[in-house]
Amino acid sequence: MGRGKIEIKRIENSSNRQVTYSKRKNGILKKAKEISVLCDAQVSLILFGASGKMHEYISPSTTLIDVLDRYQRASGKTLWDAKHENLSNEIDRIKKENDSMQIELRHLKGEDITSLNYKELMSLEDALENGLTGVRDKKMEVHRMFKRNGKILEDENKELNFLLQQHLALEGVGNMHGQWI
């Protein structure tokens, strides 16, 4: 005895619709995994429910980008316009620049310098000397600032001590006058 056929139309009851979505989503995800394993097929499945939540399956042997690129080539449909291509190229350029900067940073720390040739070592030495000169200049500037601030504080301290001595002297004179009266 087989299952009865159902009419394929929108389920009006939201609770029943959600239960059906959940069961069928799990079923189609299971089928996607099975066909990927059994037939060595590259599968990519993306589902968006009514709530906007995304569910996906991508065969372990591929990536979504690979599947979409193959789809684009096979169907002739353009998924990536020039703007996306430019962004992708820009990301690649920035990744390369980042890698290059990390290598340069390691060199500045004195790491991985055995592979550098004479010119590169000279350039690195110049960069380090320039950096060291900048650090020394800044250190001297900070030192002069501390000295200047120290001198200002010393002068203010002397002035306050002078004012205190004057105040104490005046109080002493006032007390003496108070005793004579």
# chains A, B, ... in the order shown; residues from 1 in each chain; ligands from 1

$ select_by_dssp --residues "stretch 27-124 of chain A" --states "strand (DSSP E or B)" --output "PyMOL selection string"
chain A and resi 44-48+54-58

$ write_last_selection --atoms "all heavy atoms" --output "short mmCIF file (atom, residue, chain, number, x, y, z; two decimals), in the first residue's frame"
data_model
loop_
_atom_site.label_atom_id
_atom_site.label_comp_id
_atom_site.auth_asym_id
_atom_site.auth_seq_id
_atom_site.Cartn_x
_atom_site.Cartn_y
_atom_site.Cartn_z
N SER A 44 26.07 21.30 -4.06
CA SER A 44 25.95 22.48 -3.22
C SER A 44 24.47 22.78 -3.12
O SER A 44 23.77 22.92 -4.12
CB SER A 44 26.69 23.66 -3.85
OG SER A 44 26.55 24.79 -3.03
N LEU A 45 23.96 22.86 -1.90
CA LEU A 45 22.55 23.10 -1.65
C LEU A 45 22.43 24.22 -0.63
O LEU A 45 23.05 24.18 0.43
CB LEU A 45 21.88 21.83 -1.11
CG LEU A 45 20.44 21.93 -0.67
CD1 LEU A 45 19.53 22.23 -1.87
CD2 LEU A 45 20.00 20.66 0.02
N ILE A 46 21.65 25.23 -0.98
CA ILE A 46 21.42 26.35 -0.07
C ILE A 46 19.91 26.54 0.04
O ILE A 46 19.21 26.64 -0.97
CB ILE A 46 22.05 27.65 -0.62
CG1 ILE A 46 23.54 27.46 -0.86
CG2 ILE A 46 21.81 28.80 0.35
CD1 ILE A 46 24.18 28.60 -1.61
N LEU A 47 19.41 26.58 1.27
CA LEU A 47 17.98 26.78 1.52
C LEU A 47 17.80 28.00 2.41
O LEU A 47 18.53 28.18 3.38
CB LEU A 47 17.38 25.58 2.26
CG LEU A 47 17.35 24.24 1.55
CD1 LEU A 47 16.93 23.16 2.52
CD2 LEU A 47 16.39 24.31 0.40
N PHE A 48 16.81 28.81 2.07
CA PHE A 48 16.42 29.92 2.93
C PHE A 48 14.97 29.69 3.32
O PHE A 48 14.10 29.63 2.46
CB PHE A 48 16.55 31.27 2.22
CG PHE A 48 17.98 31.70 2.02
CD1 PHE A 48 18.63 31.44 0.83
CD2 PHE A 48 18.66 32.34 3.03
CE1 PHE A 48 19.94 31.83 0.65
CE2 PHE A 48 19.98 32.74 2.86
CZ PHE A 48 20.62 32.48 1.66
N MET A 54 19.32 30.49 6.95
CA MET A 54 19.95 29.75 5.86
C MET A 54 20.41 28.37 6.35
O MET A 54 20.90 28.23 7.46
CB MET A 54 21.17 30.51 5.34
CG MET A 54 21.85 29.81 4.18
SD MET A 54 23.35 30.65 3.63
CE MET A 54 24.51 30.07 4.85
N HIS A 55 20.24 27.38 5.48
CA HIS A 55 20.76 26.03 5.70
C HIS A 55 21.51 25.67 4.43
O HIS A 55 21.09 26.00 3.33
CB HIS A 55 19.63 25.03 5.96
CG HIS A 55 18.76 25.42 7.12
ND1 HIS A 55 19.09 25.12 8.42
CD2 HIS A 55 17.59 26.10 7.18
CE1 HIS A 55 18.15 25.58 9.22
NE2 HIS A 55 17.24 26.19 8.49
N GLU A 56 22.65 24.98 4.60
CA GLU A 56 23.45 24.67 3.42
C GLU A 56 24.13 23.32 3.55
O GLU A 56 24.34 22.81 4.65
CB GLU A 56 24.51 25.74 3.20
CG GLU A 56 25.56 25.80 4.30
CD GLU A 56 26.62 26.85 4.06
OE1 GLU A 56 26.92 27.16 2.89
OE2 GLU A 56 27.19 27.34 5.04
N TYR A 57 24.46 22.78 2.38
CA TYR A 57 25.31 21.59 2.32
C TYR A 57 26.23 21.78 1.12
O TYR A 57 25.77 22.15 0.03
CB TYR A 57 24.51 20.30 2.16
CG TYR A 57 25.42 19.13 1.92
CD1 TYR A 57 26.13 18.56 2.96
CD2 TYR A 57 25.63 18.64 0.63
CE1 TYR A 57 27.01 17.52 2.74
CE2 TYR A 57 26.51 17.59 0.40
CZ TYR A 57 27.21 17.04 1.46
OH TYR A 57 28.09 16.02 1.25
N ILE A 58 27.51 21.53 1.32
CA ILE A 58 28.49 21.58 0.23
C ILE A 58 29.33 20.32 0.35
O ILE A 58 29.81 19.98 1.43
CB ILE A 58 29.37 22.83 0.33
CG1 ILE A 58 28.50 24.09 0.24
CG2 ILE A 58 30.44 22.85 -0.76
CD1 ILE A 58 29.19 25.37 0.60
#

$ residues_around --residues "stretch 117-127 of chain A" --least-positions-apart "3" --cutoff "9 Å" --atoms "only C-alpha atoms" --output "list in words"
Glu104, His107, Leu108, Ile113, Thr114, Asn130, Gly131 and Leu132 of chain A

$ select_by_dssp --residues "stretch 48-159 of chain A" --states "alpha helix (DSSP H)" --output "ChimeraX atom specification"
/A:64-75,82-108,118-159

$ atom_distance --atom1 "atom CA of A:Glu97" --atom2 "atom CA of A:Ile65"
22.9 Å

$ closest_residue --among "A:Gln18, A:Ser51, A:Gln42, A:Asn157" --to "A:Val67" --atoms "only C-alpha atoms"
A:Gln42

$ residues_around --residues "A:Tyr21" --least-positions-apart "3" --cutoff "12 Å" --atoms "only C-alpha atoms" --output "list in words"
Arg10, Ile11, Ser14, Ser15, Asn16, Arg17, Gln18, Arg24, Lys25, Asn26, Gly27, Ile28, Leu29, Leu47, Phe48, Gly49, Ala50, Ser51 and His55 of chain A

$ atom_distance --atom1 "atom CA of A:Lys139" --atom2 "atom CA of A:Leu105"
22.4 Å

$ closest_residue --among "A:Lys147, A:Lys30, A:Arg93, A:Lys9" --to "A:Ser59" --atoms "only C-alpha atoms"
A:Lys30

$ decode --residues "stretch 27-77 of chain A" --atoms "N, CA and C atoms" --output "tab-separated table (two decimals), in the first residue's frame"
chain	number	residue	atom	x	y	z
A	27	GLY	N	15.20	16.13	4.91
A	27	GLY	CA	15.21	15.08	3.88
A	27	GLY	C	16.07	15.46	2.68
A	28	ILE	N	15.94	16.69	2.21
A	28	ILE	CA	16.71	17.10	1.03
A	28	ILE	C	18.19	17.26	1.36
A	29	LEU	N	18.50	17.70	2.59
A	29	LEU	CA	19.90	17.77	3.00
A	29	LEU	C	20.51	16.37	3.07
A	30	LYS	N	19.73	15.42	3.58
A	30	LYS	CA	20.19	14.03	3.65
A	30	LYS	C	20.43	13.48	2.25
A	31	LYS	N	19.51	13.76	1.32
A	31	LYS	CA	19.67	13.29	-0.06
A	31	LYS	C	20.91	13.92	-0.71
A	32	ALA	N	21.15	15.19	-0.44
A	32	ALA	CA	22.33	15.86	-1.01
A	32	ALA	C	23.62	15.18	-0.52
A	33	LYS	N	23.66	14.86	0.78
A	33	LYS	CA	24.84	14.18	1.33
A	33	LYS	C	24.99	12.79	0.71
A	34	GLU	N	23.87	12.07	0.56
A	34	GLU	CA	23.92	10.71	0.01
A	34	GLU	C	24.41	10.71	-1.42
A	35	ILE	N	23.89	11.60	-2.27
A	35	ILE	CA	24.32	11.60	-3.68
A	35	ILE	C	25.77	12.01	-3.80
A	36	SER	N	26.22	12.87	-2.89
A	36	SER	CA	27.62	13.29	-2.89
A	36	SER	C	28.53	12.11	-2.57
A	37	VAL	N	28.16	11.32	-1.56
A	37	VAL	CA	28.98	10.18	-1.14
A	37	VAL	C	28.86	9.02	-2.12
A	38	LEU	N	27.63	8.64	-2.45
A	38	LEU	CA	27.41	7.46	-3.29
A	38	LEU	C	27.92	7.63	-4.71
A	39	CYS	N	27.74	8.81	-5.27
A	39	CYS	CA	28.04	9.01	-6.69
A	39	CYS	C	29.26	9.91	-6.93
A	40	ASP	N	29.94	10.30	-5.87
A	40	ASP	CA	31.09	11.18	-5.97
A	40	ASP	C	30.74	12.45	-6.75
A	41	ALA	N	29.53	12.95	-6.52
A	41	ALA	CA	29.06	14.16	-7.19
A	41	ALA	C	29.42	15.38	-6.35
A	42	GLN	N	29.65	16.49	-7.01
A	42	GLN	CA	29.87	17.73	-6.30
A	42	GLN	C	28.51	18.41	-6.14
A	43	VAL	N	28.11	18.58	-4.88
A	43	VAL	CA	26.77	19.09	-4.58
A	43	VAL	C	26.88	20.33	-3.72
A	44	SER	N	26.07	21.30	-4.06
A	44	SER	CA	25.95	22.48	-3.22
A	44	SER	C	24.47	22.78	-3.12
A	45	LEU	N	23.96	22.86	-1.90
A	45	LEU	CA	22.55	23.10	-1.65
A	45	LEU	C	22.43	24.22	-0.63
A	46	ILE	N	21.65	25.23	-0.98
A	46	ILE	CA	21.42	26.35	-0.07
A	46	ILE	C	19.91	26.54	0.04
A	47	LEU	N	19.41	26.58	1.27
A	47	LEU	CA	17.98	26.78	1.52
A	47	LEU	C	17.80	28.00	2.41
A	48	PHE	N	16.81	28.81	2.07
A	48	PHE	CA	16.42	29.92	2.93
A	48	PHE	C	14.97	29.69	3.32
A	49	GLY	N	14.72	29.56	4.61
A	49	GLY	CA	13.36	29.38	5.10
A	49	GLY	C	12.61	30.70	5.09
A	50	ALA	N	11.33	30.65	5.39
A	50	ALA	CA	10.49	31.85	5.41
A	50	ALA	C	11.02	32.86	6.44
A	51	SER	N	11.67	32.37	7.48
A	51	SER	CA	12.21	33.27	8.51
A	51	SER	C	13.51	33.93	8.05
A	52	GLY	N	14.06	33.47	6.93
A	52	GLY	CA	15.32	34.02	6.43
A	52	GLY	C	16.53	33.24	6.87
A	53	LYS	N	16.35	32.23	7.71
A	53	LYS	CA	17.47	31.41	8.18
A	53	LYS	C	17.99	30.56	7.04
A	54	MET	N	19.32	30.49	6.95
A	54	MET	CA	19.95	29.75	5.86
A	54	MET	C	20.41	28.37	6.35
A	55	HIS	N	20.24	27.38	5.48
A	55	HIS	CA	20.76	26.03	5.70
A	55	HIS	C	21.51	25.67	4.43
A	56	GLU	N	22.65	24.98	4.60
A	56	GLU	CA	23.45	24.67	3.42
A	56	GLU	C	24.13	23.32	3.55
A	57	TYR	N	24.46	22.78	2.38
A	57	TYR	CA	25.31	21.59	2.32
A	57	TYR	C	26.23	21.78	1.12
A	58	ILE	N	27.51	21.53	1.32
A	58	ILE	CA	28.49	21.58	0.23
A	58	ILE	C	29.33	20.32	0.35
A	59	SER	N	29.50	19.61	-0.76
A	59	SER	CA	30.30	18.39	-0.76
A	59	SER	C	31.68	18.66	-0.17
A	60	PRO	N	32.19	17.71	0.60
A	60	PRO	CA	33.51	17.91	1.22
A	60	PRO	C	34.62	18.11	0.19
A	61	SER	N	34.44	17.62	-1.03
A	61	SER	CA	35.50	17.68	-2.04
A	61	SER	C	35.51	18.99	-2.83
A	62	THR	N	34.67	19.95	-2.46
A	62	THR	CA	34.59	21.18	-3.25
A	62	THR	C	34.30	22.38	-2.34
A	63	THR	N	34.20	23.53	-2.97
A	63	THR	CA	33.80	24.75	-2.26
A	63	THR	C	32.63	25.36	-3.01
A	64	LEU	N	31.92	26.22	-2.35
A	64	LEU	CA	30.78	26.88	-2.98
A	64	LEU	C	31.25	27.70	-4.19
A	65	ILE	N	32.37	28.36	-4.07
A	65	ILE	CA	32.90	29.18	-5.18
A	65	ILE	C	33.18	28.29	-6.38
A	66	ASP	N	33.79	27.10	-6.15
A	66	ASP	CA	34.07	26.18	-7.27
A	66	ASP	C	32.78	25.75	-7.96
A	67	VAL	N	31.77	25.41	-7.16
A	67	VAL	CA	30.49	24.96	-7.74
A	67	VAL	C	29.85	26.10	-8.52
A	68	LEU	N	29.85	27.30	-7.97
A	68	LEU	CA	29.25	28.45	-8.66
A	68	LEU	C	30.01	28.80	-9.93
A	69	ASP	N	31.34	28.72	-9.88
A	69	ASP	CA	32.13	28.97	-11.09
A	69	ASP	C	31.81	27.94	-12.17
A	70	ARG	N	31.70	26.67	-11.78
A	70	ARG	CA	31.34	25.62	-12.76
A	70	ARG	C	29.95	25.86	-13.32
A	71	TYR	N	29.02	26.26	-12.45
A	71	TYR	CA	27.65	26.56	-12.89
A	71	TYR	C	27.67	27.72	-13.90
A	72	GLN	N	28.43	28.74	-13.59
A	72	GLN	CA	28.52	29.91	-14.48
A	72	GLN	C	29.07	29.52	-15.84
A	73	ARG	N	30.12	28.71	-15.85
A	73	ARG	CA	30.71	28.27	-17.12
A	73	ARG	C	29.75	27.38	-17.91
A	74	ALA	N	29.10	26.45	-17.20
A	74	ALA	CA	28.22	25.49	-17.88
A	74	ALA	C	26.93	26.14	-18.38
A	75	SER	N	26.38	27.08	-17.61
A	75	SER	CA	25.10	27.67	-17.98
A	75	SER	C	25.24	28.92	-18.84
A	76	GLY	N	26.41	29.53	-18.78
A	76	GLY	CA	26.60	30.77	-19.52
A	76	GLY	C	26.00	31.97	-18.80
A	77	LYS	N	25.45	31.75	-17.63
A	77	LYS	CA	24.87	32.86	-16.86
A	77	LYS	C	25.97	33.54	-16.06
